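Have a look at the structure below before the remarks.
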Amino acid sequence: MQHFKVCGGLLFLCLISCIGCRDSLLQLAERQLTLSARKYDALAAATVDSVNLPRTATPDGKWVFAPPRWWTSGFVPGSLWQLYEYDRNPVRLEMARRFTAKVENEQYNTSTHDLGFMLYCSFGNGYRITGEAHYRDVLLTGARSLISRFHPLIGCIQSWPKNEKWQYPVIIDNMMNLELLMWAFKQTGDSTFAKICIRHADRTIAEHFRPDYSTYHVVSYDTLTGRVQVKNTAQGAFDESVWARGQTWGLYGFTMLYRETGLSRYLNQAQKIADFLISHPAMPADGVPYWDFNAPGIPNAERDASAAAIMASALLELGSFSDRDQRRRYHRFAEKQIRSLSTPRYFAQPGENGHFLLMHGVGHKPHNSEVDVPLTYADYYYIEALMRYRRMAGDRDVDS
Ligand code: GLY
C-alpha cells in the first residue's frame, strides 16, 4: 500500500510538472536525430546486398530494393551522411562511404534528370563533409551528364523519355536537380551550368504554374517549335489537381535557387507557393498533406509524410530569407510539421517499418505503387529539417 502511495505520488508529480510544458523543438530535434541515427545504423548493418539500396518496406517489414539507377538511390547514403554529421560516429562514416560508392557509376548516366537527387544527396553531402577530391570529380562528371539533357530552344532539361503522349516531358520535380548544377558553377566558374539553371527555372515559372501558384506536374514541349505541347499529371489525381509532393518540390527548388542566385523572382515564387500551401483549405490541421490536395475521399485519403518533410525543410530555409511576419509564419508551420512527423502516428518504433523513420508516404498513387509506406526521401528531408533547425537554433536564426 505504502509502495502504491509513493508511486502514485511520483506519477502525479511527473504529470504536474509536464502540464503546460513540452520539449522545445531543439530538444525534440536532438532526441529524434539520436533515434534516427540508431535506426539508420540498424538499416545499414542489415543491408547485405552489395549493389542495390533499400527503397521502401512492405507492411511486414520486408525491404524492396532499388538499383543504383533508380531516382531514390542517393537518399539512404545521404541520410547516413547527415546522421554522421550529427554525431560523428566513425562506424557510420564507413557506412556512408559504402552506400555512396554504390551510386558512383550514375555519374555517367545521361538517360535521367534525377542525377541531382542521386548524386548531390550522396556524393554532395559526402564532399561537403569530407572534402574528398574524388567525390568532387564524380559530382562534376554528373553535372556534365545532366546538362547534356538541356534543349536550348525549349530552355529546359528533359525529365523523362518521349513517348506517344509527350515529346519532351519536364516535371516540376526537376527543380531539385538544379542544386547540383549551381554547385558545379561555383566549383568551376563555368557559367554554362548557372545559365541552364536560370533558363530552366524561368521557363518553369512561366509554364508550370497556375495563377494561384499551384503547379502542374508534367509540362511537355514541342521539340520543333519549343512551345508547350500539353500540361498533364503523372503522379497526381488528375491533370488540374494539386499533387502534394510536386508542390513541395517547387517550394524547395525555388527557395534553393534563391539561395544560390540571389535573384528575387525566385524568392517571390517560393513565398507565393508557401502561402498557397499553408492556407490551402485541404491542408490538414497537423500539417501533413494528403497525397493530393484534390484527392478523392478527403478526409480519408492517404497522407504523404514525404511532402510534409520536404515542405518543413524548405520553410525553415525560406523563413530565414523572409521578413519578420512571413518568417514567423513559415517557421511556425515547419515546427508544426516536424512535431507531427515526430509523433508515433508517423515516426515508427525502433525495429519496425524496415528500420525506416517515417511511415505513411505515398510514391505513385495512380499506379497503386508505394502507397502508405516508408519512403527514403521522406526520411532524408525529415533528417535535413531536424539538422537545419538545430543549426538555425544554434545561430539564433529561427522563430517558433
Ligand atoms: N519523381 C519524384 C517523385 O516521385 O517525387
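How things are named: the first chain in the C-alpha cells is A, the next is B, and so on; residues count from 1 in each chain; ligands count from 1 in the order shown.
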
Counting only C-alpha atoms, which residues in stretch 187-255 of chain A sit no more than 12 Å from stretch 148-169 of chain A? For each one, give the nearest pair of atoms and the distance in Å, sorted by chain then residue number, as JSON lines.
```
{"residue": "A:Thr192", "atom": "CA", "partner": "A:Phe150", "partner_atom": "CA", "distance": 10.8}
{"residue": "A:Phe193", "atom": "CA", "partner": "A:Phe150", "partner_atom": "CA", "distance": 10.4}
{"residue": "A:Lys195", "atom": "CA", "partner": "A:Gly155", "partner_atom": "CA", "distance": 9.8}
{"residue": "A:Ile196", "atom": "CA", "partner": "A:Phe150", "partner_atom": "CA", "distance": 7.4}
{"residue": "A:Cys197", "atom": "CA", "partner": "A:Cys156", "partner_atom": "CA", "distance": 8.4}
{"residue": "A:Ile198", "atom": "CA", "partner": "A:Gly155", "partner_atom": "CA", "distance": 9.0}
{"residue": "A:Arg199", "atom": "CA", "partner": "A:Gly155", "partner_atom": "CA", "distance": 5.4}
{"residue": "A:His200", "atom": "CA", "partner": "A:Cys156", "partner_atom": "CA", "distance": 4.5}
{"residue": "A:Ala201", "atom": "CA", "partner": "A:Cys156", "partner_atom": "CA", "distance": 8.0}
{"residue": "A:Asp202", "atom": "CA", "partner": "A:Gly155", "partner_atom": "CA", "distance": 8.6}
{"residue": "A:Arg203", "atom": "CA", "partner": "A:Gly155", "partner_atom": "CA", "distance": 6.7}
{"residue": "A:Thr204", "atom": "CA", "partner": "A:Cys156", "partner_atom": "CA", "distance": 8.1}
{"residue": "A:Ile205", "atom": "CA", "partner": "A:Cys156", "partner_atom": "CA", "distance": 11.5}
{"residue": "A:Ala206", "atom": "CA", "partner": "A:Gly155", "partner_atom": "CA", "distance": 11.3}
{"residue": "A:Glu207", "atom": "CA", "partner": "A:Cys156", "partner_atom": "CA", "distance": 11.1}
{"residue": "A:His208", "atom": "CA", "partner": "A:Pro169", "partner_atom": "CA", "distance": 11.5}
{"residue": "A:Tyr216", "atom": "CA", "partner": "A:Pro169", "partner_atom": "CA", "distance": 11.7}
{"residue": "A:His217", "atom": "CA", "partner": "A:Pro169", "partner_atom": "CA", "distance": 9.8}
{"residue": "A:Val218", "atom": "CA", "partner": "A:Pro169", "partner_atom": "CA", "distance": 6.3}
{"residue": "A:Val219", "atom": "CA", "partner": "A:Pro169", "partner_atom": "CA", "distance": 5.7}
{"residue": "A:Ser220", "atom": "CA", "partner": "A:Pro169", "partner_atom": "CA", "distance": 4.1}
{"residue": "A:Tyr221", "atom": "CA", "partner": "A:Tyr168", "partner_atom": "CA", "distance": 5.1}
{"residue": "A:Asp222", "atom": "CA", "partner": "A:Gln167", "partner_atom": "CA", "distance": 6.1}
{"residue": "A:Thr223", "atom": "CA", "partner": "A:Tyr168", "partner_atom": "CA", "distance": 6.7}
{"residue": "A:Leu224", "atom": "CA", "partner": "A:Leu153", "partner_atom": "CA", "distance": 8.4}
{"residue": "A:Thr225", "atom": "CA", "partner": "A:Leu153", "partner_atom": "CA", "distance": 7.8}
{"residue": "A:Gly226", "atom": "CA", "partner": "A:Ile154", "partner_atom": "CA", "distance": 4.6}
{"residue": "A:Arg227", "atom": "CA", "partner": "A:Ile154", "partner_atom": "CA", "distance": 7.2}
{"residue": "A:Val228", "atom": "CA", "partner": "A:Ile154", "partner_atom": "CA", "distance": 8.9}
{"residue": "A:Gln229", "atom": "CA", "partner": "A:Trp166", "partner_atom": "CA", "distance": 7.7}
{"residue": "A:Val230", "atom": "CA", "partner": "A:Trp166", "partner_atom": "CA", "distance": 7.7}
{"residue": "A:Lys231", "atom": "CA", "partner": "A:Pro169", "partner_atom": "CA", "distance": 9.2}
{"residue": "A:Asn232", "atom": "CA", "partner": "A:Trp166", "partner_atom": "CA", "distance": 9.5}
{"residue": "A:Thr233", "atom": "CA", "partner": "A:Pro169", "partner_atom": "CA", "distance": 10.5}
{"residue": "A:Ala234", "atom": "CA", "partner": "A:Pro169", "partner_atom": "CA", "distance": 10.6}
```

I'd like the contact shell of A:Ile273 - 12 Å cut-off, only C-alpha atoms, skipping same-chain residues fewer than 2 positions apart - returned as JSON, numbers by chain. {"A": [205, 209, 210, 211, 212, 213, 214, 215, 242, 244, 246, 247, 248, 249, 250, 251, 252, 253, 254, 255, 266, 267, 268, 269, 270, 271, 275, 276, 277, 278, 279, 280, 311, 314, 315, 318, 330]}

12 Å shell around ligand 1 using only C-alpha atoms and all ligand atoms, listed as a PDB file with C-alpha atoms, in the first residue's frame:
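Output (result03.pdb):
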```
ATOM      1  CA  TRP A  70      16.620   4.428 -59.662  1.00  0.00           C
ATOM      2  CA  TRP A  71      15.927   8.052 -58.744  1.00  0.00           C
ATOM      3  CA  THR A  72      15.934   7.381 -54.986  1.00  0.00           C
ATOM      4  CA  SER A  73      19.392   5.781 -54.825  1.00  0.00           C
ATOM      5  CA  THR A 112      17.788  10.588 -66.412  1.00  0.00           C
ATOM      6  CA  HIS A 113      17.252  14.060 -64.991  1.00  0.00           C
ATOM      7  CA  ASP A 114      17.393  12.660 -61.464  1.00  0.00           C
ATOM      8  CA  LEU A 115      21.175  12.976 -61.131  1.00  0.00           C
ATOM      9  CA  GLY A 116      20.749  15.790 -58.648  1.00  0.00           C
ATOM     10  CA  PHE A 117      18.758  13.581 -56.284  1.00  0.00           C
ATOM     11  CA  MET A 118      21.045  10.610 -56.856  1.00  0.00           C
ATOM     12  CA  SER A 159      12.923  14.779 -67.371  1.00  0.00           C
ATOM     13  CA  TRP A 160      11.612  11.593 -68.916  1.00  0.00           C
ATOM     14  CA  VAL A 170       9.568  18.251 -67.958  1.00  0.00           C
ATOM     15  CA  ILE A 171       8.322  17.655 -64.409  1.00  0.00           C
ATOM     16  CA  ILE A 172       8.264  20.095 -61.505  1.00  0.00           C
ATOM     17  CA  ASP A 173      10.473  17.686 -59.517  1.00  0.00           C
ATOM     18  CA  ASN A 174      13.291  18.666 -61.876  1.00  0.00           C
ATOM     19  CA  MET A 175      13.781  21.936 -59.959  1.00  0.00           C
ATOM     20  CA  MET A 176      15.516  19.861 -57.294  1.00  0.00           C
ATOM     21  CA  ASN A 177      18.232  18.688 -59.689  1.00  0.00           C
ATOM     22  CA  HIS A 217       3.257  18.009 -62.540  1.00  0.00           C
ATOM     23  CA  VAL A 218       4.232  17.468 -66.203  1.00  0.00           C
ATOM     24  CA  THR A 233      -0.048  14.883 -64.396  1.00  0.00           C
ATOM     25  CA  ALA A 234       1.569  11.503 -63.863  1.00  0.00           C
ATOM     26  CA  GLN A 235       1.521  11.092 -60.100  1.00  0.00           C
ATOM     27  CA  GLY A 236      -1.356  13.406 -59.198  1.00  0.00           C
ATOM     28  CA  TRP A 243      -0.260  16.811 -56.335  1.00  0.00           C
ATOM     29  CA  ALA A 244       1.210  17.401 -52.885  1.00  0.00           C
ATOM     30  CA  ARG A 245       4.811  16.364 -53.360  1.00  0.00           C
ATOM     31  CA  GLY A 246       5.061  18.228 -56.638  1.00  0.00           C
ATOM     32  CA  GLN A 247       4.127  21.462 -54.874  1.00  0.00           C
ATOM     33  CA  THR A 248       6.792  20.870 -52.260  1.00  0.00           C
ATOM     34  CA  TRP A 249       9.475  20.126 -54.876  1.00  0.00           C
ATOM     35  CA  GLY A 250       8.637  23.517 -56.376  1.00  0.00           C
ATOM     36  CA  TRP A 291      -1.114  12.861 -51.218  1.00  0.00           C
ATOM     37  CA  ASP A 304       2.065  11.853 -47.719  1.00  0.00           C
ATOM     38  CA  ALA A 305       4.692  12.229 -44.994  1.00  0.00           C
ATOM     39  CA  SER A 306       7.337  12.891 -47.661  1.00  0.00           C
ATOM     40  CA  ALA A 307       5.540  16.074 -48.774  1.00  0.00           C
ATOM     41  CA  ILE A 310      10.216  18.357 -47.848  1.00  0.00           C
ATOM     42  CA  GLY A 361       4.405   8.122 -47.559  1.00  0.00           C
ATOM     43  CA  VAL A 362       2.802   7.926 -50.997  1.00  0.00           C
ATOM     44  CA  GLY A 363       5.022   7.263 -54.013  1.00  0.00           C
ATOM     45  CA  HIS A 364       2.770   6.829 -57.053  1.00  0.00           C
ATOM     46  CA  LYS A 365      -0.897   6.563 -56.143  1.00  0.00           C
ATOM     47  CA  PRO A 366      -2.335   6.403 -59.713  1.00  0.00           C
ATOM     48  CA  HIS A 367      -0.151   3.307 -60.308  1.00  0.00           C
ATOM     49  CA  SER A 369       2.677   1.819 -56.206  1.00  0.00           C
ATOM     50  CA  GLU A 370       4.221   2.647 -52.809  1.00  0.00           C
ATOM     51  CA  VAL A 371       1.015   3.832 -51.160  1.00  0.00           C
ATOM     52  CA  LEU A 375       9.971   6.276 -48.391  1.00  0.00           C
ATOM     53  CA  THR A 376      13.698   7.000 -48.275  1.00  0.00           C
ATOM     54  CA  TYR A 377      13.165  10.586 -49.386  1.00  0.00           C
ATOM     55  CA  ALA A 378      10.684  11.252 -46.588  1.00  0.00           C
TER      56      ALA A 378
END
```

List every residue of stretch 164-323 of chain A that DSSP, applied to the backbone of this structure, places in alpha helix (DSSP H), and write the result as an mmCIF file with C-alpha atoms, in the first residue's frame.
```
data_model
loop_
_atom_site.group_PDB
_atom_site.id
_atom_site.type_symbol
_atom_site.label_atom_id
_atom_site.label_comp_id
_atom_site.auth_asym_id
_atom_site.auth_seq_id
_atom_site.Cartn_x
_atom_site.Cartn_y
_atom_site.Cartn_z
ATOM 1 C CA LEU A 178 19.402 22.261 -60.295
ATOM 2 C CA GLU A 179 21.258 22.379 -56.975
ATOM 3 C CA LEU A 180 23.939 20.084 -58.407
ATOM 4 C CA LEU A 181 24.360 22.455 -61.364
ATOM 5 C CA MET A 182 24.665 25.576 -59.203
ATOM 6 C CA TRP A 183 27.257 23.756 -57.142
ATOM 7 C CA ALA A 184 29.159 22.862 -60.349
ATOM 8 C CA PHE A 185 29.047 26.501 -61.463
ATOM 9 C CA LYS A 186 30.506 27.656 -58.158
ATOM 10 C CA GLN A 187 33.201 24.984 -58.215
ATOM 11 C CA THR A 188 34.347 25.551 -61.796
ATOM 12 C CA SER A 191 28.681 29.894 -66.312
ATOM 13 C CA THR A 192 27.037 27.319 -68.604
ATOM 14 C CA PHE A 193 25.807 25.489 -65.510
ATOM 15 C CA ALA A 194 24.213 28.611 -63.995
ATOM 16 C CA LYS A 195 22.700 29.782 -67.298
ATOM 17 C CA ILE A 196 20.999 26.419 -67.788
ATOM 18 C CA CYS A 197 19.596 26.556 -64.251
ATOM 19 C CA ILE A 198 18.196 30.025 -64.775
ATOM 20 C CA ARG A 199 16.645 29.229 -68.135
ATOM 21 C CA HIS A 200 15.087 26.049 -66.773
ATOM 22 C CA ALA A 201 13.720 27.818 -63.683
ATOM 23 C CA ASP A 202 12.355 30.775 -65.646
ATOM 24 C CA ARG A 203 10.569 28.537 -68.129
ATOM 25 C CA THR A 204 9.199 26.523 -65.197
ATOM 26 C CA ILE A 205 7.757 29.693 -63.636
ATOM 27 C CA ALA A 206 6.233 30.643 -66.984
ATOM 28 C CA GLU A 207 4.682 27.299 -67.884
ATOM 29 C CA HIS A 208 4.238 25.059 -64.847
ATOM 30 C CA ALA A 244 1.210 17.401 -52.885
ATOM 31 C CA ARG A 245 4.811 16.364 -53.360
ATOM 32 C CA GLY A 246 5.061 18.228 -56.638
ATOM 33 C CA GLN A 247 4.127 21.462 -54.874
ATOM 34 C CA THR A 248 6.792 20.870 -52.260
ATOM 35 C CA TRP A 249 9.475 20.126 -54.876
ATOM 36 C CA GLY A 250 8.637 23.517 -56.376
ATOM 37 C CA LEU A 251 8.745 25.244 -52.991
ATOM 38 C CA TYR A 252 12.070 23.684 -52.090
ATOM 39 C CA GLY A 253 13.524 24.195 -55.577
ATOM 40 C CA PHE A 254 12.807 27.921 -55.798
ATOM 41 C CA THR A 255 13.937 28.511 -52.203
ATOM 42 C CA MET A 256 17.214 26.752 -53.003
ATOM 43 C CA LEU A 257 17.619 28.668 -56.259
ATOM 44 C CA TYR A 258 17.153 31.982 -54.461
ATOM 45 C CA ARG A 259 19.876 30.939 -52.016
ATOM 46 C CA GLU A 260 22.182 30.061 -54.921
ATOM 47 C CA THR A 261 21.467 33.006 -57.253
ATOM 48 C CA SER A 264 14.403 37.987 -56.128
ATOM 49 C CA ARG A 265 11.968 36.398 -58.606
ATOM 50 C CA TYR A 266 12.822 33.002 -57.138
ATOM 51 C CA LEU A 267 12.241 34.223 -53.586
ATOM 52 C CA ASN A 268 8.903 35.662 -54.680
ATOM 53 C CA GLN A 269 7.948 32.384 -56.359
ATOM 54 C CA ALA A 270 8.851 30.325 -53.278
ATOM 55 C CA GLN A 271 6.914 32.635 -50.953
ATOM 56 C CA LYS A 272 3.843 32.501 -53.170
ATOM 57 C CA ILE A 273 3.967 28.686 -53.255
ATOM 58 C CA ALA A 274 4.409 28.587 -49.462
ATOM 59 C CA ASP A 275 1.458 30.916 -48.898
ATOM 60 C CA PHE A 276 -0.718 28.863 -51.237
ATOM 61 C CA LEU A 277 0.125 25.632 -49.404
ATOM 62 C CA ILE A 278 -0.105 26.928 -45.836
ATOM 63 C CA ALA A 305 4.692 12.229 -44.994
ATOM 64 C CA SER A 306 7.337 12.891 -47.661
ATOM 65 C CA ALA A 307 5.540 16.074 -48.774
ATOM 66 C CA ALA A 308 5.448 17.290 -45.157
ATOM 67 C CA ALA A 309 9.158 16.591 -44.628
ATOM 68 C CA ILE A 310 10.216 18.357 -47.848
ATOM 69 C CA MET A 311 7.959 21.305 -47.055
ATOM 70 C CA ALA A 312 9.212 21.651 -43.465
ATOM 71 C CA SER A 313 12.832 21.703 -44.564
ATOM 72 C CA ALA A 314 12.095 24.248 -47.292
ATOM 73 C CA LEU A 315 10.043 26.506 -44.995
ATOM 74 C CA LEU A 316 12.835 26.679 -42.447
ATOM 75 C CA GLU A 317 15.187 27.975 -45.113
ATOM 76 C CA LEU A 318 12.598 30.224 -46.752
ATOM 77 C CA GLY A 319 11.780 31.800 -43.380
ATOM 78 C CA SER A 320 15.375 32.847 -42.948
#
```

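Residue nearest A:Leu263, chosen from A:Gln107, A:Phe321, A:Tyr389, A:Ser122 and counting only C-alpha atoms: A:Phe321.
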
Non-local contacts of A:Thr56 (8 Å; only C-alpha atoms; under 5 positions in same chain excluded) as a list in words: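 Once the nearby chain positions are removed, what remains is Trp63, Val64, Phe65, Gly354, Phe356, Glu370, Val373, Pro374, Leu375 and Thr376 of chain A.
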
Just N, CA, C and O atoms for this one: save the residues we selected as a CSV table (one decimal), in the first residue's frame.
```
chain,number,residue,atom,x,y,z
A,63,TRP,N,12.1,-5.5,-47.1
A,63,TRP,CA,12.6,-4.4,-47.9
A,63,TRP,C,12.2,-4.6,-49.4
A,63,TRP,O,12.2,-5.8,-49.9
A,64,VAL,N,12.0,-3.5,-50.1
A,64,VAL,CA,12.0,-3.5,-51.5
A,64,VAL,C,13.3,-2.7,-51.9
A,64,VAL,O,13.5,-1.7,-51.3
A,65,PHE,N,14.1,-3.3,-52.8
A,65,PHE,CA,15.3,-2.6,-53.2
A,65,PHE,C,15.3,-1.8,-54.5
A,65,PHE,O,14.4,-2.1,-55.3
A,354,GLY,N,10.8,-1.6,-41.3
A,354,GLY,CA,12.0,-1.8,-42.1
A,354,GLY,C,13.2,-1.0,-41.7
A,354,GLY,O,14.1,-0.7,-42.5
A,356,PHE,N,13.1,2.1,-41.4
A,356,PHE,CA,12.9,3.5,-41.9
A,356,PHE,C,12.3,4.3,-40.8
A,356,PHE,O,11.7,3.8,-39.9
A,370,GLU,N,3.7,2.0,-54.0
A,370,GLU,CA,4.2,2.6,-52.8
A,370,GLU,C,3.2,3.6,-52.2
A,370,GLU,O,3.4,4.8,-52.1
A,373,VAL,N,3.4,3.9,-47.3
A,373,VAL,CA,4.6,3.1,-47.0
A,373,VAL,C,5.7,4.1,-46.5
A,373,VAL,O,5.6,5.3,-46.7
A,374,PRO,N,6.8,3.5,-46.0
A,374,PRO,CA,8.0,4.3,-45.8
A,374,PRO,C,8.7,4.7,-47.1
A,374,PRO,O,8.6,3.9,-48.0
A,375,LEU,N,9.3,5.8,-47.2
A,375,LEU,CA,10.0,6.3,-48.4
A,375,LEU,C,11.3,6.9,-48.0
A,375,LEU,O,11.4,7.7,-47.0
A,376,THR,N,12.4,6.5,-48.7
A,376,THR,CA,13.7,7.0,-48.3
A,376,THR,C,13.8,8.5,-48.3
A,376,THR,O,14.5,9.1,-47.5
```

Could you list, as a list in words, every residue within 12 Å of A:Thr130, counting only C-alpha atoms and ignoring same-chain residues fewer than 4 positions away?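 My reading of the contact set: Trp81, Gln82, Tyr84, Glu85, Arg88, Leu93, Glu94, Ala96, Arg97, Phe123, Gly124, Asn125, Gly126, His134, Tyr135 and Arg136 of chain A.
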
Report the distance between atom CA of A:Ala295 and atom CA of A:Met359 in Å, rounded to one decimal place.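 According to the coordinates, atom CA of A:Ala295 and atom CA of A:Met359 are separated by 19.1 Å.
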
Residues at most 12 Å from A:Arg98, counting only C-alpha atoms, excluding those fewer than 4 positions away in the same chain, as JSON, numbers by chain? {"A": [44, 45, 47, 48, 49, 50, 51, 52, 53, 76, 77, 78, 80, 81, 91, 92, 93, 94, 102, 103, 104, 122, 123, 126]}

For the atom pair atom CA of A:Tyr108 and atom CA of A:Gly189, what is the interatomic distance in Å to one decimal place? 21.4 Å

For A:Asp372, which of A:Asp292, A:Glu302, A:Asp190, A:Asp137 is the closest residue, counting only C-alpha atoms?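 Selected residue with least distance to A:Asp372: A:Glu302.
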
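Between A:Leu43 and the residues A:Gly351, A:Pro299, A:Gly74, A:Pro68, the shortest atom-to-atom distance, using only C-alpha atoms, involves A:Gly351.
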
Smallest atom-to-atom distance to A:Tyr381: which of A:Asn368, A:Ser36, A:Ser342, A:Ser79, using only C-alpha atoms?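 For A:Tyr381, the nearest of the given residues is A:Ser79.
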